[in-house]
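Printed here is structure.cif (mmCIF, C-alpha atoms):
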```
data_structure
#
loop_
_atom_site.group_PDB
_atom_site.id
_atom_site.type_symbol
_atom_site.label_atom_id
_atom_site.label_comp_id
_atom_site.auth_asym_id
_atom_site.auth_seq_id
_atom_site.Cartn_x
_atom_site.Cartn_y
_atom_site.Cartn_z
ATOM 1 C CA MET T 1 -24.889 57.661 5.958
ATOM 2 C CA ASP T 2 -22.873 55.188 3.872
ATOM 3 C CA HIS T 3 -21.877 52.153 5.954
ATOM 4 C CA SER T 4 -20.441 50.161 3.063
ATOM 5 C CA HIS T 5 -16.892 50.900 4.211
ATOM 6 C CA VAL T 6 -17.613 49.468 7.663
ATOM 7 C CA VAL T 7 -19.300 46.414 6.144
ATOM 8 C CA GLY T 8 -16.185 45.880 4.030
ATOM 9 C CA LEU T 9 -13.984 45.942 7.113
ATOM 10 C CA VAL T 10 -16.237 43.429 8.858
ATOM 11 C CA ALA T 11 -16.097 41.152 5.807
ATOM 12 C CA THR T 12 -12.301 41.402 5.780
ATOM 13 C CA THR T 13 -12.099 40.503 9.473
ATOM 14 C CA VAL T 14 -14.379 37.496 9.008
ATOM 15 C CA SER T 15 -12.342 36.347 5.997
ATOM 16 C CA HIS T 16 -9.099 36.791 7.943
ATOM 17 C CA GLU T 17 -10.352 34.748 10.896
ATOM 18 C CA LEU T 18 -11.724 32.024 8.608
ATOM 19 C CA GLY T 19 -8.272 31.903 7.059
ATOM 20 C CA HIS T 20 -6.855 31.047 10.477
ATOM 21 C CA ASN T 21 -9.445 28.256 10.745
ATOM 22 C CA PHE T 22 -8.037 26.812 7.516
ATOM 23 C CA GLY T 23 -4.521 26.881 8.945
ATOM 24 C CA MET T 24 -3.360 30.131 7.377
ATOM 25 C CA GLU T 25 -0.771 32.244 9.130
ATOM 26 C CA HIS T 26 -0.186 35.950 8.724
ATOM 27 C CA ASP T 27 1.470 37.068 5.516
ATOM 28 C CA THR T 28 5.209 37.679 5.584
ATOM 29 C CA ASP T 29 7.498 39.583 3.237
ATOM 30 C CA GLU T 30 7.988 36.376 1.247
ATOM 31 C CA CYS T 31 4.301 36.246 0.319
ATOM 32 C CA GLN T 32 3.261 37.772 -2.965
ATOM 33 C CA CYS T 33 0.195 39.953 -2.846
ATOM 34 C CA PRO T 34 -1.428 41.458 -5.944
ATOM 35 C CA ASP T 35 -2.518 44.477 -3.872
ATOM 36 C CA ASP T 36 -0.884 46.640 -1.192
ATOM 37 C CA LYS T 37 -2.185 44.270 1.494
ATOM 38 C CA CYS T 38 -3.891 40.910 1.384
ATOM 39 C CA ILE T 39 -6.507 39.374 3.671
ATOM 40 C CA MET T 40 -3.991 37.648 5.959
ATOM 41 C CA SER T 41 -1.919 40.774 6.547
ATOM 42 C CA PRO T 42 -0.796 40.890 10.200
ATOM 43 C CA SER T 43 -2.078 44.453 10.620
ATOM 44 C CA SER T 44 -5.363 46.074 9.743
ATOM 45 C CA SER T 45 -5.810 49.253 7.790
ATOM 46 C CA SER T 46 -8.569 51.601 6.735
ATOM 47 C CA THR T 47 -8.946 49.717 3.454
ATOM 48 C CA SER T 48 -10.492 46.298 2.975
ATOM 49 C CA PRO T 49 -8.122 43.783 1.365
ATOM 50 C CA ARG T 50 -9.990 41.516 -1.032
ATOM 51 C CA ARG T 51 -7.382 39.007 -2.157
ATOM 52 C CA TRP T 52 -5.437 36.096 -0.739
ATOM 53 C CA SER T 53 -1.647 36.155 -0.966
ATOM 54 C CA SER T 54 0.411 33.414 -2.591
ATOM 55 C CA CYS T 55 1.133 32.016 0.893
ATOM 56 C CA SER T 56 -2.549 31.967 1.844
ATOM 57 C CA LEU T 57 -3.418 30.097 -1.337
ATOM 58 C CA GLU T 58 -0.748 27.502 -0.524
ATOM 59 C CA TYR T 59 -2.179 27.074 2.993
ATOM 60 C CA LEU T 60 -5.667 26.723 1.530
ATOM 61 C CA GLU T 61 -4.525 24.100 -0.962
ATOM 62 C CA LEU T 62 -2.884 22.151 1.865
ATOM 63 C CA ALA T 63 -6.025 22.393 4.007
ATOM 64 C CA TYR T 64 -8.179 21.107 1.142
ATOM 65 C CA SER T 65 -5.787 18.225 0.481
ATOM 66 C CA GLN T 66 -6.147 17.224 4.146
ATOM 67 C CA GLY T 67 -9.950 17.235 3.944
ATOM 68 C CA MET T 68 -10.497 20.458 5.864
ATOM 69 C CA ASP T 69 -12.955 21.608 3.211
ATOM 70 C CA TYR T 70 -15.602 19.128 4.411
ATOM 71 C CA CYS T 71 -17.523 21.921 6.120
ATOM 72 C CA LEU T 72 -17.910 23.699 2.778
ATOM 73 C CA LYS T 73 -19.466 20.595 1.238
ATOM 74 C CA ASN T 74 -21.989 20.011 4.023
ATOM 75 C CA ARG T 75 -25.506 20.185 2.641
#
```

Kindly present the structure from the file in structure tokens form.
Amino acid sequence: MDHSHVVGLVATTVSHELGHNFGMEHDTDECQCPDDKCIMSPSSSSTSPRRWSSCSLEYLELAYSQGMDYCLKNR
């Protein structure tokens, strides 16, 4: 039995929740997404979004500028 689809959904959920930890909010209609849905979409679907929206990237840039990326640099 192929579980790769389930693993993809778990990875999307983890990415989505980590996004919240970096201050990201759910995507709105103003956000540009290269796919049908992006990781911070407010609703889940049977597909696994793999990209951040324009809004999410702005939140991430802000988080990094405020030093919230320290946990990624911890050795």

Residue among T:Asn21, T:Ser65, T:Ser41, T:Ser48 lying closest to Val6 of chain T, counting all atoms listed in the file
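Closest candidate: T:Ser48.
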
Between T:Leu72, T:Cys33, T:Glu61, T:Gly19, which has the minimum distance to Pro49 of chain T (counting all atoms listed in the file)?
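Closest candidate: T:Cys33.
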
Using the chain letters and numbers from the file, give me the residues hit by the PyMOL selection byres ((chain T and resi 13) around 12), as an mmCIF file with C-alpha atoms, in the coordinates of the input.
```
data_model
loop_
_atom_site.group_PDB
_atom_site.id
_atom_site.type_symbol
_atom_site.label_atom_id
_atom_site.label_comp_id
_atom_site.auth_asym_id
_atom_site.auth_seq_id
_atom_site.Cartn_x
_atom_site.Cartn_y
_atom_site.Cartn_z
ATOM 1 C CA VAL T 6 -17.613 49.468 7.663
ATOM 2 C CA VAL T 7 -19.300 46.414 6.144
ATOM 3 C CA GLY T 8 -16.185 45.880 4.030
ATOM 4 C CA LEU T 9 -13.984 45.942 7.113
ATOM 5 C CA VAL T 10 -16.237 43.429 8.858
ATOM 6 C CA ALA T 11 -16.097 41.152 5.807
ATOM 7 C CA THR T 12 -12.301 41.402 5.780
ATOM 8 C CA VAL T 14 -14.379 37.496 9.008
ATOM 9 C CA SER T 15 -12.342 36.347 5.997
ATOM 10 C CA HIS T 16 -9.099 36.791 7.943
ATOM 11 C CA GLU T 17 -10.352 34.748 10.896
ATOM 12 C CA LEU T 18 -11.724 32.024 8.608
ATOM 13 C CA GLY T 19 -8.272 31.903 7.059
ATOM 14 C CA HIS T 20 -6.855 31.047 10.477
ATOM 15 C CA CYS T 38 -3.891 40.910 1.384
ATOM 16 C CA ILE T 39 -6.507 39.374 3.671
ATOM 17 C CA MET T 40 -3.991 37.648 5.959
ATOM 18 C CA SER T 41 -1.919 40.774 6.547
ATOM 19 C CA PRO T 42 -0.796 40.890 10.200
ATOM 20 C CA SER T 43 -2.078 44.453 10.620
ATOM 21 C CA SER T 44 -5.363 46.074 9.743
ATOM 22 C CA SER T 45 -5.810 49.253 7.790
ATOM 23 C CA SER T 46 -8.569 51.601 6.735
ATOM 24 C CA THR T 47 -8.946 49.717 3.454
ATOM 25 C CA SER T 48 -10.492 46.298 2.975
ATOM 26 C CA PRO T 49 -8.122 43.783 1.365
ATOM 27 C CA ARG T 50 -9.990 41.516 -1.032
#
```

Show me the residues around (2.3, 32.9, -5.0) - criterion: an atom at most 9 Å away, all atoms listed in the file counted - as a PyMOL selection string.
chain T and resi 31-33+53-58

Around all the atoms of segment 17-28 of chain T listed in the file, with 3 Å of room on each side, what axis-aligned box do you get, giving centre and edge lengths in Å to one decimal, as lines of an AutoDock Vina configuration file?
```
center_x = -3.3
center_y = 32.2
center_z = 8.2
size_x = 22.9
size_y = 16.9
size_z = 11.4
```

State, in Å with one decimal place, the distance from atom CA of Asp35 of chain T to atom CA of Gln66 of chain T.
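Interatomic distance here is 28.6 Å.
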
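What separates atom CA of Tyr64 of chain T from atom CA of His26 of chain T is a distance of 18.5 Å.
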
Atom CA of Phe22 of chain T to atom CA of Lys37 of chain T, distance in Å rounded to a single decimal:
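Computed distance, atom CA of Phe22 of chain T to atom CA of Lys37 of chain T, equals 19.4 Å.
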
Output segment 22-47 of chain T with N, CA and C atoms present, as a compact mmCIF listing (two decimals), keeping the file's coordinate frame.
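Output below, filename out25.txt:
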```txt
# COMPACT_ATOMS: atom_id res chain seq x y z
N PHE T 22 -8.56 27.70 8.55
CA PHE T 22 -8.04 26.81 7.52
C PHE T 22 -6.52 26.67 7.60
N GLY T 23 -5.94 27.08 8.71
CA GLY T 23 -4.52 26.88 8.94
C GLY T 23 -3.61 27.97 8.41
N MET T 24 -4.18 29.05 7.92
CA MET T 24 -3.36 30.13 7.38
C MET T 24 -2.70 30.92 8.49
N GLU T 25 -1.48 31.35 8.22
CA GLU T 25 -0.77 32.24 9.13
C GLU T 25 -0.73 33.63 8.50
N HIS T 26 -0.28 34.60 9.26
CA HIS T 26 -0.19 35.95 8.72
C HIS T 26 0.83 36.01 7.59
N ASP T 27 0.56 36.88 6.64
CA ASP T 27 1.47 37.07 5.52
C ASP T 27 2.81 37.61 5.99
N THR T 28 3.85 37.19 5.32
CA THR T 28 5.21 37.68 5.58
C THR T 28 5.71 38.38 4.32
N ASP T 29 6.92 38.90 4.39
CA ASP T 29 7.50 39.58 3.24
C ASP T 29 7.70 38.64 2.05
N GLU T 30 7.79 37.34 2.32
CA GLU T 30 7.99 36.38 1.25
C GLU T 30 6.72 36.12 0.44
N CYS T 31 5.58 36.47 0.99
CA CYS T 31 4.30 36.25 0.32
C CYS T 31 4.10 37.30 -0.77
N GLN T 32 3.56 36.85 -1.88
CA GLN T 32 3.26 37.77 -2.96
C GLN T 32 1.79 38.15 -2.89
N CYS T 33 1.56 39.44 -2.92
CA CYS T 33 0.20 39.95 -2.85
C CYS T 33 -0.05 40.85 -4.05
N PRO T 34 -1.15 40.63 -4.78
CA PRO T 34 -1.43 41.46 -5.94
C PRO T 34 -1.82 42.89 -5.59
N ASP T 35 -2.15 43.14 -4.33
CA ASP T 35 -2.52 44.48 -3.87
C ASP T 35 -1.52 44.95 -2.82
N ASP T 36 -1.77 46.13 -2.25
CA ASP T 36 -0.88 46.64 -1.19
C ASP T 36 -0.87 45.70 0.01
N LYS T 37 -2.05 45.22 0.39
CA LYS T 37 -2.18 44.27 1.49
C LYS T 37 -3.16 43.19 1.08
N CYS T 38 -2.96 42.01 1.63
CA CYS T 38 -3.89 40.91 1.38
C CYS T 38 -4.65 40.57 2.67
N ILE T 39 -5.60 39.69 2.56
CA ILE T 39 -6.51 39.37 3.67
C ILE T 39 -5.77 38.93 4.93
N MET T 40 -4.70 38.16 4.79
CA MET T 40 -3.99 37.65 5.96
C MET T 40 -2.85 38.55 6.42
N SER T 41 -2.91 39.81 6.06
CA SER T 41 -1.92 40.77 6.55
C SER T 41 -1.96 40.80 8.07
N PRO T 42 -0.80 40.91 8.73
CA PRO T 42 -0.80 40.89 10.20
C PRO T 42 -1.36 42.16 10.84
N SER T 43 -1.53 43.21 10.06
CA SER T 43 -2.08 44.45 10.62
C SER T 43 -3.26 44.92 9.79
N SER T 44 -4.19 45.57 10.44
CA SER T 44 -5.36 46.07 9.74
C SER T 44 -5.08 47.47 9.22
N SER T 45 -5.94 47.91 8.33
CA SER T 45 -5.81 49.25 7.79
C SER T 45 -7.20 49.79 7.52
N SER T 46 -7.27 50.99 7.00
CA SER T 46 -8.57 51.60 6.74
C SER T 46 -9.17 51.09 5.43
N THR T 47 -8.42 50.30 4.68
CA THR T 47 -8.95 49.72 3.45
C THR T 47 -9.27 48.25 3.69
```
